[in-house]
Amino acid sequence: MRPVLACLSAYALLAAMPVAAEPAPAAAAAATEAPPIRMLTAEQVHADIAVMREALETIHPGLYRRTAKASLTRALDALTANTAAGLSDAELYRRISLVLAMIRCTHTKAEQTEVMERWRIDHASHLPFRFRLIDGRMIVVGSDPTQAQLPHGAEVLAINGRPVKSLVATLGAYVPIDGRTEASRVAYLADDGDLMGADFDHFYPYAFGFPTAFQVTLRDGDAAPRRTVTLKPISFRAWTKLDNDGLPYRQDFANSVSWKMVGPKTGYLRIDTFVNYRTPVDAAALYARALGELRKAGARALVVDLRENGGGSNDASLALIDALTDRPYTYQRAMRYRSVRYGNLPRYISTWGDREALFNPPLDRFTQNANGWFDLRPEQAPEELMPRQPAAERFDGPVAVLSSPANASGATMVIAKLRDMGRAIVMGAPSGGSADGPTAGTIFNVKLPNSGIAVRVPVVFNQMAVSHFDRDGGITPDIPIAVTVADYRAGRDRVLERAVARFSR
């Protein structure tokens with residue numbers, strides 16, 4: 001199931017969901033073990049909301065790109081409703097997260113307070129199993145070995161009496177997605193290296209309260225009877241160690257690239273992330289090595305598997321296009337800013353890079369448009385805005401790129417550009433992200449002064465140089481191939497099979 005969650009449904013949820021719906025922690029529990037939730041006065045709440053609103057309306061280049069201004073204005077106004085007695089910081093975080101999801105930008109989200117983040121690392125609040133959502137069904141991938149085992153491939157039907165369909169719809173409303181890429185919403189619920197592991201686990205305590213136990217109703221197979229087991233929540237640290245079909249919680253580009261032959265004349269290049277800033281390597285050299293070895297092994301066609309790739313660093317993204325293109329190209333058409341001066345907001349903002357250069361850039365670096373916005377001059381961003389050349393040892397044969405809802409941001413940009421240049425056919429499932437470019441680039445972390453909640457506000461609209469794109473976001477594959485529960489349980493990769501068969505004719 002792909003839940004269709006309109007802006008109005010998120011708006012209506014602002015006042016509809018109580019935070020404490022789960023049993024409270026046992027009275028005997030030490031105070032230090034309770035979640036670190038504190039109360040804010042109405043004045044503190046209103047002040048925090050005012051800072052967030054000013055930041056969004058001053059900085060965000062895509063604030064009304066996907067959502068009507070009137071709808072978003074109503075939702076922002078509603079944040080201060082029913083706050084006369086104050087709010088807890090947890091409830092404020094819940095409300096803010098719902099409103100930010102309405103913007104429909106994956107780079108616009110709120111981070112829970114630092115004290116809560118630290119607490120959840122070593123205190124139990126996560127499900128004791130990993131899962132995938134396939135065709136609306138929650139399928140177990142791995143589970144906590146210290147508790148009752150949930151078999152790989154088992155289907156979870158309900159948690160604490162709530163059907164999975166209801167949980168997906170409720171928690172999905174908090175998940176930021178690009179445009180209307182509903183399949184990516186489901187992907188983020190199961191796996192998100194950005195927030196606390198998976199959006200399902202991240203938002204569950206804010207929607208339903210911090211759980212003391214999970215009653216999990218499941219069946220081990222389609223013909224198996226239902227059964228219910230009671231499991232204990234686990235810490236985020238323990239959650240990161242659960243098996244996820246062998247995939248680590250977070251990957252770096254250097255150790256996420258692999259290649260092999262998958263047919264007599266078909267090579268296979270898998271890239272699970274473009275993140276190349278934690279342990280950087282020469283991306284162009286790595287691609288040259290991989291493609292050189294595949295050519296030597298006889299590859300005349302290439303399958304590029306990006307299904308686990310959400311994006312990352314420009315150097316790794318652009319080097320892949322360089323290695324596959326047959327002609328010069330320009331990656332982006334524009335880098336557009338809503339504003340380049342931010343008043344008093346910088347006192348609330350943390351980010352990477354030189355603060356003076358970020359908050360007071362020379363105006364001659366930009367061209368100001370008739371609407372008052374600013375375009376960065378091409379020479380100021382030569383990698384993105386100036387013409388690029390094919391790599392010296394590029395791959396010239398036909399290419400198929402495998403896509404999935406896990407694709408976002410940089411990965412979707414790469415797929416869109418390769419297809420737009422006629423260098424790749426796209427096979428698999430619809431992606432997340434935006435083929436015409438995300439609102440991303442530098443991210444300003446706006447820390448709200450009273451609650452300590454940090455709101456991520458992107459600074460740049462990175463407009464892609466592509467001729468065709470879906471205005472609702474994402475990429476629709478040229479050859480759609482659905483993933484089924486039966487295939488997953490059998491370990492069958494039908495998408496790769498179809499790609500290999502295409503080049504074996």
# chains A, B, ... in the order shown; residues from 1 in each chain; ligands from 1
call {"tool": "closest_atom_pairs", "arguments": {"of": "range 156-230 of chain A", "to": "range 37-54 of chain A", "cutoff": "12 Å", "atoms": "only C-alpha atoms", "output": "CSV"}}
result
residue,atom,partner,partner_atom,distance
A:Pro205,CA,A:Ile37,CA,11.5
A:Tyr206,CA,A:Ile37,CA,10.8
A:Gly209,CA,A:Ile37,CA,11.2
A:Phe210,CA,A:Ile37,CA,10.9
call {"tool": "residues_around", "arguments": {"residues": "Asn255 in chain A", "least_positions_apart": "2", "cutoff": "12 Å", "atoms": "only C-alpha atoms", "output": "list in words"}}
result
Leu247, Pro248, Arg250, Gln251, Asp252, Phe253, Val257, Ser258, Trp259, Arg270, Ile271, Asp272, Thr273, Phe274, Val275, Asn276, Arg278, Thr279, Pro280, Val281, Ala283 and Leu286 of chain A
call {"tool": "write_last_selection", "arguments": {"atoms": "C-alpha atoms", "output": "compact mmCIF listing (two decimals), in the first residue's frame"}}
result
# COMPACT_ATOMS: atom_id res chain seq x y z
CA LEU A 247 23.53 -4.04 4.78
CA PRO A 248 25.28 -1.88 7.40
CA ARG A 250 25.39 3.57 7.27
CA GLN A 251 27.84 3.21 4.41
CA ASP A 252 30.58 5.26 2.83
CA PHE A 253 31.15 5.42 -0.91
CA VAL A 257 30.98 0.08 -4.63
CA SER A 258 31.21 -3.43 -6.06
CA TRP A 259 31.28 -4.94 -9.53
CA ARG A 270 26.55 -1.54 -7.66
CA ILE A 271 26.82 1.77 -5.78
CA ASP A 272 24.90 1.86 -2.49
CA THR A 273 25.75 5.45 -1.57
CA PHE A 274 27.47 8.54 -2.95
CA VAL A 275 28.48 9.70 0.56
CA ASN A 276 32.19 10.40 0.11
CA ARG A 278 33.57 10.68 5.91
CA THR A 279 36.33 8.53 4.35
CA PRO A 280 36.89 10.22 0.97
CA VAL A 281 38.45 8.45 -1.98
CA ALA A 283 35.67 8.54 -7.10
CA LEU A 286 37.46 3.96 -8.46
call {"tool": "atom_distance", "arguments": {"atom1": "CA of Gly422 in chain A", "atom2": "CA of Pro477 in chain A"}}
result
13.7 Å
call {"tool": "residues_around", "arguments": {"residues": "Leu150 in chain A", "least_positions_apart": "3", "cutoff": "10 Å", "atoms": "only C-alpha atoms", "output": "MDAnalysis selection string"}}
result
chainID A and resid 128:130 140:145 147 153:156 216 218:220 229
call {"tool": "select_by_dssp", "arguments": {"residues": "range 40-165 of chain A", "states": "strand (DSSP E or B)", "output": "PyMOL selection string"}}
result
chain A and resi 40+87-88+109-111+126+129-134+137-143+155-159+162-163
call {"tool": "residues_around", "arguments": {"residues": "Asp396 in chain A", "least_positions_apart": "5", "cutoff": "8 Å", "atoms": "only C-alpha atoms", "output": "mmCIF file with N, CA and C atoms, in the first residue's frame"}}
result
data_model
loop_
_atom_site.group_PDB
_atom_site.id
_atom_site.type_symbol
_atom_site.label_atom_id
_atom_site.label_comp_id
_atom_site.auth_asym_id
_atom_site.auth_seq_id
_atom_site.Cartn_x
_atom_site.Cartn_y
_atom_site.Cartn_z
ATOM 1 N N LEU A 324 30.108 7.543 -17.836
ATOM 2 C CA LEU A 324 29.122 6.892 -18.699
ATOM 3 C C LEU A 324 28.678 7.750 -19.880
ATOM 4 N N THR A 325 28.933 9.049 -19.832
ATOM 5 C CA THR A 325 28.461 9.917 -20.911
ATOM 6 C C THR A 325 29.384 9.841 -22.124
ATOM 7 N N ASP A 326 28.815 10.170 -23.288
ATOM 8 C CA ASP A 326 29.593 10.138 -24.523
ATOM 9 C C ASP A 326 29.815 11.528 -25.099
#
call {"tool": "atom_distance", "arguments": {"atom1": "CA of Met386 in chain A", "atom2": "CA of Tyr64 in chain A"}}
result
28.3 Å
call {"tool": "select_by_dssp", "arguments": {"residues": "range 326-463 of chain A", "states": "alpha helix (DSSP H)", "output": "number ranges by chain"}}
result
A: 355-359, 382-385, 409-420
call {"tool": "write_last_selection", "arguments": {"atoms": "N, CA and C atoms", "output": "CSV table (one decimal), in the first residue's frame"}}
result
chain,number,residue,atom,x,y,z
A,355,ARG,N,31.3,30.8,8.2
A,355,ARG,CA,30.0,31.5,8.5
A,355,ARG,C,30.0,32.9,7.7
A,356,GLU,N,31.1,33.6,7.7
A,356,GLU,CA,31.0,34.9,7.0
A,356,GLU,C,30.7,34.7,5.5
A,357,ALA,N,31.3,33.7,4.9
A,357,ALA,CA,31.0,33.5,3.5
A,357,ALA,C,29.6,33.0,3.3
A,358,LEU,N,29.0,32.3,4.2
A,358,LEU,CA,27.7,31.8,4.1
A,358,LEU,C,26.6,32.9,4.4
A,359,PHE,N,26.9,33.7,5.4
A,359,PHE,CA,25.8,34.7,5.8
A,359,PHE,C,26.0,36.1,5.1
A,382,PRO,N,31.7,25.7,-10.6
A,382,PRO,CA,32.1,25.1,-11.9
A,382,PRO,C,31.7,23.7,-12.0
A,383,GLU,N,31.7,22.9,-11.0
A,383,GLU,CA,31.4,21.5,-11.1
A,383,GLU,C,29.9,21.3,-11.5
A,384,GLU,N,29.0,22.1,-10.9
A,384,GLU,CA,27.6,21.9,-11.1
A,384,GLU,C,27.1,22.7,-12.3
A,385,LEU,N,27.6,23.9,-12.6
A,385,LEU,CA,27.0,24.8,-13.5
A,385,LEU,C,27.8,25.0,-14.8
A,409,SER,N,17.4,12.7,-3.7
A,409,SER,CA,18.4,13.7,-3.8
A,409,SER,C,19.4,13.4,-4.9
A,410,GLY,N,20.7,13.2,-4.6
A,410,GLY,CA,21.7,13.0,-5.5
A,410,GLY,C,21.6,11.8,-6.4
A,411,ALA,N,21.1,10.7,-5.9
A,411,ALA,CA,20.9,9.5,-6.7
A,411,ALA,C,19.8,9.8,-7.8
A,412,THR,N,18.7,10.4,-7.5
A,412,THR,CA,17.7,10.7,-8.4
A,412,THR,C,18.2,11.7,-9.5
A,413,MET,N,19.0,12.6,-9.1
A,413,MET,CA,19.6,13.6,-10.0
A,413,MET,C,20.4,12.9,-11.1
A,414,VAL,N,21.3,11.9,-10.6
A,414,VAL,CA,22.1,11.2,-11.5
A,414,VAL,C,21.3,10.4,-12.5
A,415,ILE,N,20.3,9.7,-12.0
A,415,ILE,CA,19.4,8.9,-12.9
A,415,ILE,C,18.7,9.8,-13.9
A,416,ALA,N,18.2,10.9,-13.4
A,416,ALA,CA,17.5,11.8,-14.3
A,416,ALA,C,18.4,12.3,-15.4
A,417,LYS,N,19.7,12.6,-15.1
A,417,LYS,CA,20.6,13.2,-16.1
A,417,LYS,C,21.0,12.1,-17.1
A,418,LEU,N,21.3,10.9,-16.6
A,418,LEU,CA,21.7,9.9,-17.5
A,418,LEU,C,20.6,9.5,-18.5
A,419,ARG,N,19.3,9.5,-18.0
A,419,ARG,CA,18.2,9.2,-18.9
A,419,ARG,C,18.0,10.3,-19.9
A,420,ASP,N,18.1,11.6,-19.4
A,420,ASP,CA,17.8,12.7,-20.2
A,420,ASP,C,18.8,12.8,-21.4
call {"tool": "residues_around", "arguments": {"residues": "Pro36 in chain A", "least_positions_apart": "6", "cutoff": "8 Å", "atoms": "only C-alpha atoms", "output": "list in words"}}
result
Val115, Met116 and Trp119 of chain A
call {"tool": "residues_around", "arguments": {"residues": "range 191-204 of chain A", "least_positions_apart": "2", "cutoff": "8 Å", "atoms": "only C-alpha atoms", "output": "ChimeraX atom specification"}}
result
/A:94,111,125-127,168,171-172,174-175,187-189,206-210,236,239-240,249-250
call {"tool": "write_last_selection", "arguments": {"atoms": "N, CA and C atoms", "output": "short mmCIF file (atom, residue, chain, number, x, y, z; two decimals), in the first residue's frame"}}
result
data_model
loop_
_atom_site.label_atom_id
_atom_site.label_comp_id
_atom_site.auth_asym_id
_atom_site.auth_seq_id
_atom_site.Cartn_x
_atom_site.Cartn_y
_atom_site.Cartn_z
N ARG A 94 6.48 16.92 17.81
CA ARG A 94 5.51 16.18 17.02
C ARG A 94 4.75 17.12 16.08
N GLU A 111 15.02 17.99 13.95
CA GLU A 111 15.77 17.05 14.77
C GLU A 111 15.26 17.15 16.20
N SER A 125 13.62 2.39 22.97
CA SER A 125 12.44 3.03 22.36
C SER A 125 12.19 2.51 20.95
N HIS A 126 13.04 1.58 20.47
CA HIS A 126 12.95 1.08 19.10
C HIS A 126 12.34 -0.32 19.04
N LEU A 127 11.78 -0.65 17.89
CA LEU A 127 11.34 -2.02 17.64
C LEU A 127 12.55 -2.96 17.71
N VAL A 168 1.22 2.60 9.38
CA VAL A 168 1.91 3.19 8.23
C VAL A 168 1.28 4.52 7.86
N LEU A 171 2.06 7.14 11.00
CA LEU A 171 3.46 7.55 11.11
C LEU A 171 3.98 8.12 9.79
N GLY A 172 3.39 7.69 8.68
CA GLY A 172 3.80 8.22 7.39
C GLY A 172 3.56 9.71 7.25
N TYR A 174 4.35 11.95 9.21
CA TYR A 174 5.49 12.69 9.75
C TYR A 174 6.70 12.66 8.83
N VAL A 175 6.67 11.84 7.81
CA VAL A 175 7.86 11.58 6.99
C VAL A 175 7.98 12.62 5.88
N ALA A 187 9.49 3.73 2.09
CA ALA A 187 10.90 3.34 2.21
C ALA A 187 11.54 3.98 3.44
N TYR A 188 11.27 5.27 3.68
CA TYR A 188 11.85 5.96 4.83
C TYR A 188 11.32 5.40 6.15
N LEU A 189 10.08 4.95 6.17
CA LEU A 189 9.57 4.36 7.41
C LEU A 189 10.40 3.15 7.82
N TYR A 206 6.65 9.69 19.60
CA TYR A 206 6.01 11.00 19.57
C TYR A 206 4.53 10.89 19.21
N ALA A 207 4.18 9.88 18.44
CA ALA A 207 2.78 9.68 18.07
C ALA A 207 2.01 8.90 19.13
N PHE A 208 2.66 7.91 19.76
CA PHE A 208 1.95 6.99 20.65
C PHE A 208 2.51 6.90 22.06
N GLY A 209 3.55 7.64 22.36
CA GLY A 209 4.19 7.55 23.66
C GLY A 209 5.30 6.52 23.66
N PHE A 210 6.20 6.63 24.63
CA PHE A 210 7.34 5.72 24.70
C PHE A 210 6.88 4.34 25.17
N PHE A 236 18.59 2.49 20.42
CA PHE A 236 19.03 2.77 19.06
C PHE A 236 20.38 2.09 18.79
N TRP A 239 19.66 -1.37 18.03
CA TRP A 239 18.93 -1.44 16.75
C TRP A 239 19.89 -1.41 15.57
N THR A 240 20.92 -0.58 15.65
CA THR A 240 21.86 -0.46 14.52
C THR A 240 22.62 -1.76 14.26
N TYR A 249 24.26 -0.20 8.79
CA TYR A 249 23.35 0.92 9.07
C TYR A 249 23.70 2.12 8.20
N ARG A 250 24.96 2.49 8.14
CA ARG A 250 25.39 3.57 7.27
C ARG A 250 26.60 3.11 6.48
#
call {"tool": "closest_residue", "arguments": {"among": "A:Ile103, A:Ile453, A:Ile475, A:Ala429", "to": "Lys69 in chain A", "atoms": "only C-alpha atoms"}}
result
A:Ile103
call {"tool": "closest_residue", "arguments": {"among": "A:Asp436, A:Asp364, A:Asp122, A:Asp322", "to": "Arg394 in chain A", "atoms": "only C-alpha atoms"}}
result
A:Asp322
